[in-house]
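Below is the file start25.tsv, which contains TSV, C-alpha atoms and all ligand atoms.
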chain	number	residue	atom	x	y	z
A	1	MET	CA	72.28	62.08	-4.82
A	2	THR	CA	76.00	61.42	-4.40
A	3	ILE	CA	78.48	62.51	-7.06
A	4	SER	CA	81.76	60.56	-7.28
A	5	GLU	CA	84.61	60.39	-9.77
A	6	THR	CA	83.01	57.43	-11.54
A	7	GLY	CA	79.39	58.61	-11.64
A	8	LEU	CA	76.27	59.29	-9.59
A	9	SER	CA	74.32	57.29	-7.05
A	10	GLY	CA	71.16	57.69	-4.98
A	11	TRP	CA	68.53	55.98	-2.85
A	12	ALA	CA	65.22	54.76	-4.24
A	13	PRO	CA	63.10	54.82	-1.08
A	14	ALA	CA	59.88	52.96	-0.26
A	15	LYS	CA	56.73	54.95	-1.04
A	16	VAL	CA	54.10	54.91	1.70
A	17	ASN	CA	50.41	55.77	1.19
A	18	LEU	CA	49.29	57.27	4.53
A	19	TYR	CA	45.72	57.17	3.22
A	20	LEU	CA	44.42	55.88	-0.11
A	21	HIS	CA	40.91	56.66	-1.32
A	22	VAL	CA	39.86	54.82	-4.49
A	23	GLY	CA	37.17	55.93	-6.94
A	24	PRO	CA	34.94	53.70	-9.09
A	25	PRO	CA	36.39	51.94	-12.15
A	26	LYS	CA	36.67	54.23	-15.19
A	27	SER	CA	36.10	53.32	-18.84
A	28	ASN	CA	39.80	52.29	-19.12
A	29	GLY	CA	39.28	49.89	-16.18
A	30	ARG	CA	41.62	51.91	-13.95
A	31	HIS	CA	40.73	54.03	-10.92
A	32	ASP	CA	41.20	57.62	-9.84
A	33	LEU	CA	42.90	57.94	-6.48
A	34	ASP	CA	43.31	60.45	-3.68
A	35	SER	CA	46.33	59.67	-1.53
A	36	LEU	CA	48.82	61.27	0.88
A	37	VAL	CA	52.24	59.88	-0.04
A	38	VAL	CA	55.51	60.03	1.91
A	39	PHE	CA	58.94	58.42	1.45
A	40	ALA	CA	61.18	56.36	3.72
A	41	ASP	CA	64.83	57.13	4.43
A	42	GLY	CA	67.80	54.93	3.46
A	43	ARG	CA	66.72	52.24	5.96
A	44	ALA	CA	63.89	51.20	3.60
A	45	ALA	CA	65.26	51.82	0.13
A	46	ASP	CA	66.86	50.35	-2.99
A	47	HIS	CA	70.09	51.93	-4.23
A	48	LEU	CA	71.01	52.91	-7.78
A	49	GLN	CA	74.32	53.87	-9.39
A	50	ALA	CA	74.78	55.42	-12.84
A	51	GLU	CA	78.15	55.65	-14.62
A	52	PRO	CA	78.88	57.14	-18.05
A	53	ALA	CA	78.91	54.56	-20.87
A	54	ASP	CA	78.30	54.37	-24.63
A	55	THR	CA	75.16	52.22	-24.29
A	56	ILE	CA	72.50	51.62	-21.62
A	57	SER	CA	73.02	48.51	-19.46
A	58	LEU	CA	71.65	47.31	-16.12
A	59	GLU	CA	72.94	44.94	-13.47
A	60	VAL	CA	70.75	44.01	-10.48
A	61	SER	CA	72.13	42.66	-7.20
A	62	GLY	CA	70.95	42.55	-3.58
A	63	PRO	CA	68.66	40.25	-1.56
A	64	ARG	CA	65.52	40.93	-3.68
A	65	ALA	CA	67.19	40.84	-7.14
A	66	ALA	CA	65.62	37.51	-8.16
A	67	GLU	CA	62.07	38.66	-7.26
A	68	ALA	CA	62.28	41.82	-9.38
A	69	GLY	CA	61.78	39.87	-12.63
A	70	THR	CA	63.81	39.87	-15.84
A	71	LEU	CA	66.24	42.66	-16.76
A	72	GLU	CA	64.23	43.51	-19.90
A	73	ASP	CA	61.09	44.09	-17.79
A	74	ASN	CA	62.93	46.17	-15.19
A	75	LEU	CA	61.51	49.67	-14.84
A	76	VAL	CA	65.03	51.12	-14.47
A	77	LEU	CA	65.90	49.99	-18.00
A	78	LYS	CA	62.53	51.18	-19.34
A	79	ALA	CA	63.02	54.59	-17.69
A	80	ALA	CA	66.56	54.96	-19.06
A	81	ARG	CA	65.54	54.04	-22.61
A	82	ALA	CA	62.48	56.31	-22.51
A	83	LEU	CA	64.57	59.24	-21.25
A	84	GLN	CA	67.25	58.64	-23.89
A	85	ALA	CA	64.60	58.66	-26.62
A	86	ALA	CA	62.70	61.69	-25.25
A	87	SER	CA	65.82	63.83	-24.88
A	88	GLY	CA	67.47	62.67	-28.10
A	89	THR	CA	70.81	62.17	-26.34
A	90	ARG	CA	73.34	59.69	-27.75
A	91	GLN	CA	74.82	59.05	-24.31
A	92	GLY	CA	74.38	55.75	-22.48
A	93	ALA	CA	74.85	54.66	-18.87
A	94	ARG	CA	76.02	51.67	-16.87
A	95	LEU	CA	73.30	51.26	-14.23
A	96	THR	CA	73.68	49.13	-11.09
A	97	LEU	CA	70.62	48.50	-8.91
A	98	GLN	CA	70.84	47.07	-5.41
A	99	LYS	CA	67.39	45.62	-4.70
A	100	TRP	CA	66.46	45.61	-1.00
A	101	LEU	CA	62.72	46.38	-1.04
A	102	PRO	CA	60.15	43.57	-1.26
A	103	VAL	CA	58.53	43.31	-4.72
A	104	ALA	CA	54.78	43.61	-5.42
A	105	ALA	CA	54.50	44.93	-1.89
A	106	GLY	CA	52.51	48.20	-2.05
A	107	ILE	CA	55.59	50.38	-1.46
A	108	GLY	CA	56.22	51.16	-5.13
A	109	GLY	CA	59.77	49.81	-5.28
A	110	GLY	CA	59.81	49.56	-9.08
A	111	SER	CA	58.36	53.06	-9.48
A	112	SER	CA	60.88	54.48	-7.01
A	113	ASP	CA	63.76	52.78	-8.87
A	114	ALA	CA	62.46	54.26	-12.15
A	115	ALA	CA	62.18	57.76	-10.64
A	116	THR	CA	65.71	57.57	-9.23
A	117	ALA	CA	66.99	56.44	-12.65
A	118	LEU	CA	65.32	59.50	-14.21
A	119	ARG	CA	66.88	61.85	-11.60
A	120	LEU	CA	70.39	60.39	-11.91
A	121	LEU	CA	70.36	60.25	-15.72
A	122	THR	CA	69.00	63.80	-16.05
A	123	LYS	CA	72.09	64.94	-14.13
A	124	LEU	CA	74.56	62.51	-15.76
A	125	TRP	CA	73.45	63.43	-19.28
A	126	ASP	CA	72.96	67.13	-18.40
A	127	ILE	CA	69.52	67.25	-20.03
A	128	ASP	CA	66.35	69.25	-19.37
A	129	PRO	CA	64.42	67.82	-16.31
A	130	ALA	CA	61.21	68.46	-18.27
A	131	HIS	CA	61.93	65.27	-20.29
A	132	ALA	CA	61.86	63.17	-17.09
A	133	ALA	CA	58.65	64.83	-15.89
A	134	ALA	CA	56.99	64.21	-19.26
A	135	ILE	CA	57.67	60.46	-19.40
A	136	ALA	CA	57.16	59.71	-15.66
A	137	PRO	CA	53.37	59.00	-15.75
A	138	ARG	CA	53.80	56.49	-18.59
A	139	LEU	CA	56.26	54.43	-16.53
A	140	GLY	CA	53.88	53.85	-13.59
A	141	GLY	CA	51.28	55.47	-11.36
A	142	ASP	CA	53.75	56.18	-8.55
A	143	VAL	CA	56.60	57.48	-10.74
A	144	PRO	CA	55.52	61.19	-10.84
A	145	VAL	CA	55.22	61.42	-7.03
A	146	ALA	CA	58.49	59.49	-6.60
A	147	LEU	CA	60.20	61.92	-9.00
A	148	SER	CA	59.00	64.82	-6.81
A	149	GLY	CA	60.57	63.04	-3.81
A	150	GLN	CA	58.47	65.05	-1.37
A	151	PRO	CA	55.44	64.38	0.81
A	152	ALA	CA	52.57	65.00	-1.60
A	153	LEU	CA	48.91	64.57	-2.35
A	154	MET	CA	48.55	62.31	-5.39
A	155	ARG	CA	45.43	62.44	-7.54
A	156	GLY	CA	44.08	61.08	-10.82
A	157	GLU	CA	45.96	57.87	-11.63
A	158	GLY	CA	49.04	59.42	-10.02
A	159	GLU	CA	49.78	62.13	-12.59
A	160	ARG	CA	48.49	65.01	-10.42
A	161	VAL	CA	50.98	65.69	-7.61
A	162	THR	CA	50.64	68.50	-5.04
A	163	PRO	CA	53.63	68.76	-2.66
A	164	VAL	CA	52.94	69.04	1.09
A	165	PRO	CA	56.29	70.40	2.33
A	166	SER	CA	55.02	71.24	5.84
A	167	LEU	CA	54.17	67.67	6.89
A	168	PRO	CA	56.02	66.83	10.17
A	169	PRO	CA	58.53	63.95	9.93
A	170	LEU	CA	57.02	60.64	11.04
A	171	ASP	CA	58.76	57.79	12.90
A	172	ALA	CA	57.52	54.49	11.55
A	173	LEU	CA	57.88	50.74	11.23
A	174	LEU	CA	57.19	49.09	7.86
A	175	VAL	CA	56.22	45.43	7.98
A	176	ASN	CA	55.70	43.03	5.09
A	177	PRO	CA	54.42	39.55	5.95
A	178	GLY	CA	56.33	37.95	3.07
A	179	VAL	CA	53.43	37.27	0.70
A	180	PRO	CA	53.35	39.07	-2.70
A	181	CYS	CA	50.16	41.04	-3.29
A	182	PRO	CA	49.83	42.01	-6.99
A	183	THR	CA	48.07	45.34	-7.58
A	184	GLY	CA	45.63	44.36	-10.37
A	185	PRO	CA	43.82	41.55	-8.49
A	186	VAL	CA	43.44	43.77	-5.39
A	187	PHE	CA	41.72	46.51	-7.45
A	188	ARG	CA	39.49	43.84	-9.04
A	189	ALA	CA	38.54	42.43	-5.63
A	190	HIS	CA	37.79	46.00	-4.48
A	191	ASP	CA	35.38	46.48	-7.43
A	192	GLU	CA	33.75	43.06	-7.00
A	193	ALA	CA	33.04	43.89	-3.33
A	194	GLY	CA	31.16	46.99	-4.54
A	195	GLY	CA	33.83	49.46	-3.36
A	196	GLY	CA	34.67	52.80	-4.91
A	197	ALA	CA	31.40	54.66	-4.45
A	198	GLY	CA	33.50	57.81	-4.87
A	199	PHE	CA	35.33	60.32	-2.71
A	200	ALA	CA	35.71	64.04	-2.23
A	201	GLU	CA	39.34	65.07	-2.78
A	202	ILE	CA	40.84	66.40	0.44
A	203	HIS	CA	41.90	69.99	-0.12
A	204	PRO	CA	43.60	71.73	1.50
A	205	LEU	CA	45.31	69.39	3.93
A	206	PRO	CA	45.11	70.67	7.54
A	207	GLU	CA	48.32	72.09	9.09
A	208	PHE	CA	49.71	69.58	11.61
A	209	GLN	CA	51.75	70.45	14.74
A	210	ASP	CA	53.35	67.03	15.14
A	211	ALA	CA	53.14	63.30	14.36
A	212	LYS	CA	50.35	62.79	16.93
A	213	ALA	CA	48.16	65.33	15.13
A	214	VAL	CA	48.89	63.67	11.77
A	215	ALA	CA	47.96	60.24	13.15
A	216	ALA	CA	44.76	61.53	14.79
A	217	TRP	CA	43.65	63.01	11.46
A	218	LEU	CA	44.67	59.90	9.49
A	219	HIS	CA	42.35	57.83	11.73
A	220	GLU	CA	39.47	59.64	9.96
A	221	GLN	CA	40.83	58.54	6.53
A	222	ARG	CA	41.13	55.03	5.00
A	223	ASN	CA	43.00	52.76	2.67
A	224	ASP	CA	40.14	51.49	0.50
A	225	LEU	CA	42.29	48.58	-0.73
A	226	GLU	CA	42.96	47.26	2.78
A	227	ALA	CA	39.83	45.05	3.10
A	228	PRO	CA	40.09	43.44	-0.39
A	229	ALA	CA	43.84	42.85	0.12
A	230	ILE	CA	43.20	41.21	3.52
A	231	ALA	CA	40.63	38.91	1.89
A	232	MET	CA	43.40	37.72	-0.46
A	233	VAL	CA	46.33	37.80	2.02
A	234	PRO	CA	45.08	37.25	5.61
A	235	GLU	CA	48.62	37.79	6.95
A	236	ILE	CA	48.01	41.54	6.43
A	237	ALA	CA	45.41	41.46	9.24
A	238	GLU	CA	47.94	39.60	11.40
A	239	ALA	CA	50.57	42.30	10.75
A	240	LEU	CA	48.08	45.07	11.61
A	241	THR	CA	47.01	43.32	14.83
A	242	PHE	CA	50.66	42.99	15.84
A	243	LEU	CA	51.43	46.65	15.08
A	244	ARG	CA	48.33	47.98	16.89
A	245	ALA	CA	49.38	46.13	20.07
A	246	GLN	CA	52.86	47.72	20.25
A	247	PRO	CA	53.80	50.36	22.87
A	248	GLY	CA	53.97	53.90	21.49
A	249	VAL	CA	51.93	53.15	18.35
A	250	LEU	CA	49.82	56.01	16.95
A	251	LEU	CA	48.31	54.39	13.83
A	252	ALA	CA	48.64	51.19	11.79
A	253	ARG	CA	47.42	50.84	8.20
A	254	MET	CA	48.22	49.05	4.94
A	255	SER	CA	50.18	50.94	2.24
A	256	GLY	CA	49.12	50.97	-1.44
A	257	SER	CA	47.68	47.67	-2.63
A	258	GLY	CA	49.54	45.76	0.12
A	259	ALA	CA	50.82	43.69	1.67
A	260	THR	CA	53.24	46.09	3.43
A	261	CYS	CA	51.76	47.79	6.49
A	262	LEU	CA	52.98	50.94	8.20
A	263	ALA	CA	52.76	51.95	11.82
A	264	LEU	CA	53.43	55.47	13.07
A	265	PHE	CA	55.06	55.69	16.51
A	266	GLU	CA	55.56	58.40	19.15
A	267	ALA	CA	59.35	58.03	18.68
A	268	ILE	CA	61.74	55.92	16.60
A	269	ALA	CA	62.79	53.93	19.69
A	270	PHE	CA	59.27	52.42	19.86
A	271	ALA	CA	59.45	51.44	16.17
A	272	GLU	CA	62.89	49.86	16.67
A	273	ARG	CA	61.64	47.96	19.72
A	274	ALA	CA	58.70	46.52	17.73
A	275	MET	CA	61.12	45.58	14.92
A	276	VAL	CA	63.31	43.62	17.36
A	277	VAL	CA	60.22	41.80	18.73
A	278	LEU	CA	59.29	40.71	15.20
A	279	ARG	CA	62.82	39.68	14.24
A	280	ASN	CA	63.06	37.47	17.35
A	281	ASP	CA	59.73	35.77	16.62
A	282	ALA	CA	60.55	32.39	15.06
A	283	ALA	CA	57.16	32.21	13.29
A	284	ARG	CA	57.68	35.62	11.63
A	285	LYS	CA	61.40	35.55	10.84
A	286	HIS	CA	60.61	35.70	7.11
A	287	TRP	CA	58.72	38.98	7.51
A	288	TRP	CA	60.48	42.10	6.18
A	289	THR	CA	60.66	44.94	8.67
A	290	ALA	CA	62.27	48.39	8.61
A	291	ALA	CA	62.18	51.10	11.27
A	292	CYS	CA	62.60	54.41	9.47
A	293	ARG	CA	61.62	58.05	9.25
A	294	LEU	CA	58.92	59.00	6.70
A	295	GLY	CA	58.94	62.33	4.87
A	296	ARG	CA	61.12	63.62	2.02
A	297	ALA	CA	63.08	61.13	-0.06
A	298	PRO	CA	66.74	60.94	1.08
A	301	LIG	C1	47.81	51.67	-5.86
A	301	LIG	C2	49.11	52.46	-5.88
A	301	LIG	O1	50.14	51.69	-5.28
A	301	LIG	C3	48.93	53.72	-5.03
A	301	LIG	O2	50.16	54.37	-4.75
A	301	LIG	C4	49.53	52.84	-7.27
A	301	LIG	O3	48.60	53.75	-7.85
A	301	LIG	C5	49.72	51.67	-8.22
A	301	LIG	O4	50.03	52.20	-9.47
A	301	LIG	P1	50.80	51.40	-10.59
A	301	LIG	O5	52.12	50.95	-10.09
A	301	LIG	O6	50.74	52.24	-11.82
A	301	LIG	O7	49.94	50.18	-10.80
A	301	LIG	P2	50.14	49.09	-11.95
A	301	LIG	O8	51.12	48.09	-11.46
A	301	LIG	O9	50.37	49.74	-13.26
A	301	LIG	O10	48.66	48.54	-11.94
A	301	LIG	C6	48.35	47.21	-12.01
A	301	LIG	C7	46.86	47.14	-12.19
A	301	LIG	O11	46.17	47.77	-11.08
A	301	LIG	C8	45.00	48.43	-11.51
A	301	LIG	N1	45.08	49.88	-11.23
A	301	LIG	C9	46.25	50.50	-10.92
A	301	LIG	C10	46.30	51.85	-10.64
A	301	LIG	C11	45.08	52.59	-10.73
A	301	LIG	N2	45.07	53.90	-10.47
A	301	LIG	N3	43.93	51.97	-11.04
A	301	LIG	C12	43.90	50.62	-11.29
A	301	LIG	O12	42.86	50.07	-11.56
A	301	LIG	C13	44.88	48.14	-13.01
A	301	LIG	O13	44.11	46.98	-13.15
A	301	LIG	C14	46.33	47.87	-13.41
A	301	LIG	O14	46.43	47.07	-14.55
A	302	LIG	N1	63.06	47.72	-10.39
A	302	LIG	C1	62.02	46.93	-10.09
A	302	LIG	N2	61.80	46.55	-8.82
A	302	LIG	C2	60.73	45.78	-8.51
A	302	LIG	N3	59.85	45.30	-9.40
A	302	LIG	C3	60.01	45.65	-10.69
A	302	LIG	C4	61.09	46.48	-11.08
A	302	LIG	N4	60.99	46.68	-12.40
A	302	LIG	C5	59.91	46.01	-12.81
A	302	LIG	N5	59.31	45.37	-11.79
A	302	LIG	C6	58.06	44.58	-11.89
A	302	LIG	O1	57.01	45.38	-11.34
A	302	LIG	C7	56.10	44.59	-10.57
A	302	LIG	C8	55.60	45.42	-9.37
A	302	LIG	O2	56.68	45.66	-8.54
A	302	LIG	P1	56.69	46.76	-7.35
A	302	LIG	O3	57.56	46.19	-6.28
A	302	LIG	O4	57.02	48.09	-7.88
A	302	LIG	O5	55.16	46.71	-6.90
A	302	LIG	P2	54.38	47.43	-5.75
A	302	LIG	O6	55.29	47.66	-4.56
A	302	LIG	O7	53.14	46.65	-5.48
A	302	LIG	O8	54.00	48.80	-6.40
A	302	LIG	P3	52.75	49.71	-6.12
A	302	LIG	O9	52.85	50.18	-4.70
A	302	LIG	O10	53.01	50.83	-7.11
A	302	LIG	O11	51.54	48.91	-6.40
A	302	LIG	C9	56.86	43.33	-10.20
A	302	LIG	O12	56.04	42.24	-10.43
A	302	LIG	C10	58.11	43.31	-11.05
A	302	LIG	O13	58.16	42.21	-11.92

Translate this file's structure into structure tokens.
Amino acid sequence: MTISETGLSGWAPAKVNLYLHVGPPKSNGRHDLDSLVVFADGRAADHLQAEPADTISLEVSGPRAAEAGTLEDNLVLKAARALQAASGTRQGARLTLQKWLPVAAGIGGGSSDAATALRLLTKLWDIDPAHAAAIAPRLGGDVPVALSGQPALMRGEGERVTPVPSLPPLDALLVNPGVPCPTGPVFRAHDEAGGGAGFAEIHPLPEFQDAKAVAAWLHEQRNDLEAPAIAMVPEIAEALTFLRAQPGVLLARMSGSGATCLALFEAIAFAERAMVVLRNDAARKHWWTAACRLGRAP
């Protein structure tokens, strides 16, 4: 978080599910999850600014602004209004969101924006952080973990968050093949394919020496939504095939409900090299790519 004379600002980084185990559908139609979540640095992030004002307002700019939907539906506005109501403050804020992350992409951009709004406004309004923690789960499944801003195990529908502060930093490339992949239909396809037999929650997480050890262990885990998402968006398989063929790659997997895929590399130079290859490929110029470090939120 940066404090200036006019207000506060901060990154809203991409959320990455290093593994994602999905349980059977519950009576509310939703699913319990078990997931190891990490955050990107400022190279794969939206950016939010909050300035003091009498009322709450939001302006969205940046290359992905049009895809993020209407202002009224924006999770930043919903988060700000919910926090104002929960805390009883009469203060407002002028919010400015720069939208860089692809939308409906499995990297929780909307949830991350909402969590950053909660963090900035808690500080700007000088209110009890417990109000933000209390409303976070209602705003979206990834909002509680994004509010923690740390590598964490995420359980239930996202409301149970256990920080994993000792996870080594991971050099990665994120790749989105440019096709939106809405979460609901992917969960439905997962159920229709007979998925979600159940899972045993992983506890405790092993201690890892380095990124290689993390990747070796992750090979034994899964993203249960990867196969149903590939059936809907075949470009995900193409992205994974590309990533698995790159020098220095340790692991490639889809994040969340897709279509963004992550690859862990031995060093950031390998991730940057793979990014350049993709950006120079005429057939894949529309793909979104970001070489970054995964770990704590910036
Ligand atoms: C899959 C993850 O990306 C993992 O990090 C998140 O848990 C998604 O959480 P989310 O943003 O809260 O998802 P939403 O956009 O609210 O969910 C859209 C739809 O996905 C399905 N959904 C979502 C989360 C969940 N735990 N079980 C579900 O069945 C529901 O049909 C829901 O209506
Ligand atoms: N600030 C925001 N940024 C992006 N999308 C937003 C925002 N606020 C609301 N939305 C709406 O939320 C929907 C999901 O967007 P988001 O990019 O968060 O999905 P996602 O990356 O698939 O999330 P998840 O990984 O949690 O499934 C979009 O269809 C969009 O209309």

Interface rows for chain A against ligand LIG 301 (chain A): nearest pair, Å to one decimal, 6 Å, all atoms listed in the file, as CSV:
residue,atom,partner,partner_atom,distance
A:Gly29,CA,A:LIG301,O12,5.8
A:Arg30,CA,A:LIG301,O12,3.3
A:His31,CA,A:LIG301,N3,3.8
A:Asp32,CA,A:LIG301,N2,5.4
A:Gly106,CA,A:LIG301,O1,5.3
A:Gly140,CA,A:LIG301,O6,3.9
A:Gly141,CA,A:LIG301,O6,3.3
A:Asp142,CA,A:LIG301,O4,5.5
A:Glu157,CA,A:LIG301,N2,4.2
A:Thr183,CA,A:LIG301,O11,4.7
A:Gly184,CA,A:LIG301,O11,3.5
A:Phe187,CA,A:LIG301,O12,5.6
A:Gly256,CA,A:LIG301,O1,4.0
A:Ser257,CA,A:LIG301,C1,5.1

Residue among A:Ala245, A:Ala172, A:Ile202, A:Met254 lying closest to ligand LIG 302 (chain A), counting all atoms listed in the file: A:Met254

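When all atoms listed in the file are used to measure the gap to ligand LIG 302 (chain A), the shortest distance among A:Ile107, A:Leu294, A:Ala200, A:Leu167 belongs to A:Ile107.
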
Dump the neighbourhood of ligand LIG 302 (chain A) as a PDB file with C-alpha atoms, in the frame of the given file: all residues within 8 Å, distances computed on all atoms listed in the file.
ATOM      1  CA  LYS A  15      56.730  54.950  -1.040  1.00  0.00           C
ATOM      2  CA  GLU A  67      62.070  38.660  -7.260  1.00  0.00           C
ATOM      3  CA  ALA A  68      62.280  41.820  -9.380  1.00  0.00           C
ATOM      4  CA  GLY A  69      61.780  39.870 -12.630  1.00  0.00           C
ATOM      5  CA  THR A  70      63.810  39.870 -15.840  1.00  0.00           C
ATOM      6  CA  LEU A  71      66.240  42.660 -16.760  1.00  0.00           C
ATOM      7  CA  ASP A  73      61.090  44.090 -17.790  1.00  0.00           C
ATOM      8  CA  ASN A  74      62.930  46.170 -15.190  1.00  0.00           C
ATOM      9  CA  LEU A  75      61.510  49.670 -14.840  1.00  0.00           C
ATOM     10  CA  VAL A  76      65.030  51.120 -14.470  1.00  0.00           C
ATOM     11  CA  LEU A  97      70.620  48.500  -8.910  1.00  0.00           C
ATOM     12  CA  LYS A  99      67.390  45.620  -4.700  1.00  0.00           C
ATOM     13  CA  LEU A 101      62.720  46.380  -1.040  1.00  0.00           C
ATOM     14  CA  PRO A 102      60.150  43.570  -1.260  1.00  0.00           C
ATOM     15  CA  VAL A 103      58.530  43.310  -4.720  1.00  0.00           C
ATOM     16  CA  ALA A 104      54.780  43.610  -5.420  1.00  0.00           C
ATOM     17  CA  ALA A 105      54.500  44.930  -1.890  1.00  0.00           C
ATOM     18  CA  GLY A 106      52.510  48.200  -2.050  1.00  0.00           C
ATOM     19  CA  ILE A 107      55.590  50.380  -1.460  1.00  0.00           C
ATOM     20  CA  GLY A 108      56.220  51.160  -5.130  1.00  0.00           C
ATOM     21  CA  GLY A 109      59.770  49.810  -5.280  1.00  0.00           C
ATOM     22  CA  GLY A 110      59.810  49.560  -9.080  1.00  0.00           C
ATOM     23  CA  SER A 111      58.360  53.060  -9.480  1.00  0.00           C
ATOM     24  CA  SER A 112      60.880  54.480  -7.010  1.00  0.00           C
ATOM     25  CA  ASP A 113      63.760  52.780  -8.870  1.00  0.00           C
ATOM     26  CA  ALA A 114      62.460  54.260 -12.150  1.00  0.00           C
ATOM     27  CA  GLY A 140      53.880  53.850 -13.590  1.00  0.00           C
ATOM     28  CA  GLY A 141      51.280  55.470 -11.360  1.00  0.00           C
ATOM     29  CA  ASP A 142      53.750  56.180  -8.550  1.00  0.00           C
ATOM     30  CA  CYS A 181      50.160  41.040  -3.290  1.00  0.00           C
ATOM     31  CA  PRO A 182      49.830  42.010  -6.990  1.00  0.00           C
ATOM     32  CA  THR A 183      48.070  45.340  -7.580  1.00  0.00           C
ATOM     33  CA  SER A 255      50.180  50.940   2.240  1.00  0.00           C
ATOM     34  CA  GLY A 256      49.120  50.970  -1.440  1.00  0.00           C
ATOM     35  CA  SER A 257      47.680  47.670  -2.630  1.00  0.00           C
ATOM     36  CA  GLY A 258      49.540  45.760   0.120  1.00  0.00           C
TER      37      GLY A 258
END

Need the neighbours of (42.7, 53.6, -5.3): which residues are at most 10 Å away, counting all atoms listed in the file, as a ChimeraX atom specification? /A:19-25,30-35,155-158,186-187,190,195-196,223-225,256-257

Stretch 111-122 of chain A written out with N, CA and C atoms as a PDB file, in the first residue's frame:
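Resulting contents of part35.pdb:
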ATOM      1  N   SER A 111     -12.233 -10.518  -7.350  1.00  0.00           N
ATOM      2  CA  SER A 111     -12.082 -10.763  -5.906  1.00  0.00           C
ATOM      3  C   SER A 111     -10.874 -10.003  -5.363  1.00  0.00           C
ATOM      4  N   SER A 112      -9.787  -9.991  -6.127  1.00  0.00           N
ATOM      5  CA  SER A 112      -8.579  -9.303  -5.684  1.00  0.00           C
ATOM      6  C   SER A 112      -8.826  -7.799  -5.620  1.00  0.00           C
ATOM      7  N   ASP A 113      -9.543  -7.263  -6.617  1.00  0.00           N
ATOM      8  CA  ASP A 113      -9.893  -5.831  -6.597  1.00  0.00           C
ATOM      9  C   ASP A 113     -10.723  -5.521  -5.354  1.00  0.00           C
ATOM     10  N   ALA A 114     -11.696  -6.392  -5.053  1.00  0.00           N
ATOM     11  CA  ALA A 114     -12.569  -6.171  -3.892  1.00  0.00           C
ATOM     12  C   ALA A 114     -11.746  -6.198  -2.596  1.00  0.00           C
ATOM     13  N   ALA A 115     -10.826  -7.157  -2.484  1.00  0.00           N
ATOM     14  CA  ALA A 115     -10.005  -7.265  -1.270  1.00  0.00           C
ATOM     15  C   ALA A 115      -9.115  -6.035  -1.113  1.00  0.00           C
ATOM     16  N   THR A 116      -8.558  -5.550  -2.223  1.00  0.00           N
ATOM     17  CA  THR A 116      -7.705  -4.351  -2.139  1.00  0.00           C
ATOM     18  C   THR A 116      -8.542  -3.133  -1.748  1.00  0.00           C
ATOM     19  N   ALA A 117      -9.774  -3.045  -2.257  1.00  0.00           N
ATOM     20  CA  ALA A 117     -10.668  -1.955  -1.849  1.00  0.00           C
ATOM     21  C   ALA A 117     -10.900  -2.016  -0.337  1.00  0.00           C
ATOM     22  N   LEU A 118     -11.137  -3.205   0.195  1.00  0.00           N
ATOM     23  CA  LEU A 118     -11.369  -3.349   1.639  1.00  0.00           C
ATOM     24  C   LEU A 118     -10.137  -2.907   2.437  1.00  0.00           C
ATOM     25  N   ARG A 119      -8.943  -3.302   1.984  1.00  0.00           N
ATOM     26  CA  ARG A 119      -7.704  -2.941   2.690  1.00  0.00           C
ATOM     27  C   ARG A 119      -7.488  -1.423   2.676  1.00  0.00           C
ATOM     28  N   LEU A 120      -7.628  -0.818   1.479  1.00  0.00           N
ATOM     29  CA  LEU A 120      -7.374   0.623   1.356  1.00  0.00           C
ATOM     30  C   LEU A 120      -8.395   1.425   2.156  1.00  0.00           C
ATOM     31  N   LEU A 121      -9.670   1.020   2.084  1.00  0.00           N
ATOM     32  CA  LEU A 121     -10.718   1.808   2.750  1.00  0.00           C
ATOM     33  C   LEU A 121     -10.665   1.640   4.271  1.00  0.00           C
ATOM     34  N   THR A 122     -10.244   0.457   4.734  1.00  0.00           N
ATOM     35  CA  THR A 122     -10.074   0.265   6.181  1.00  0.00           C
ATOM     36  C   THR A 122      -9.071   1.286   6.719  1.00  0.00           C
TER      37      THR A 122
END
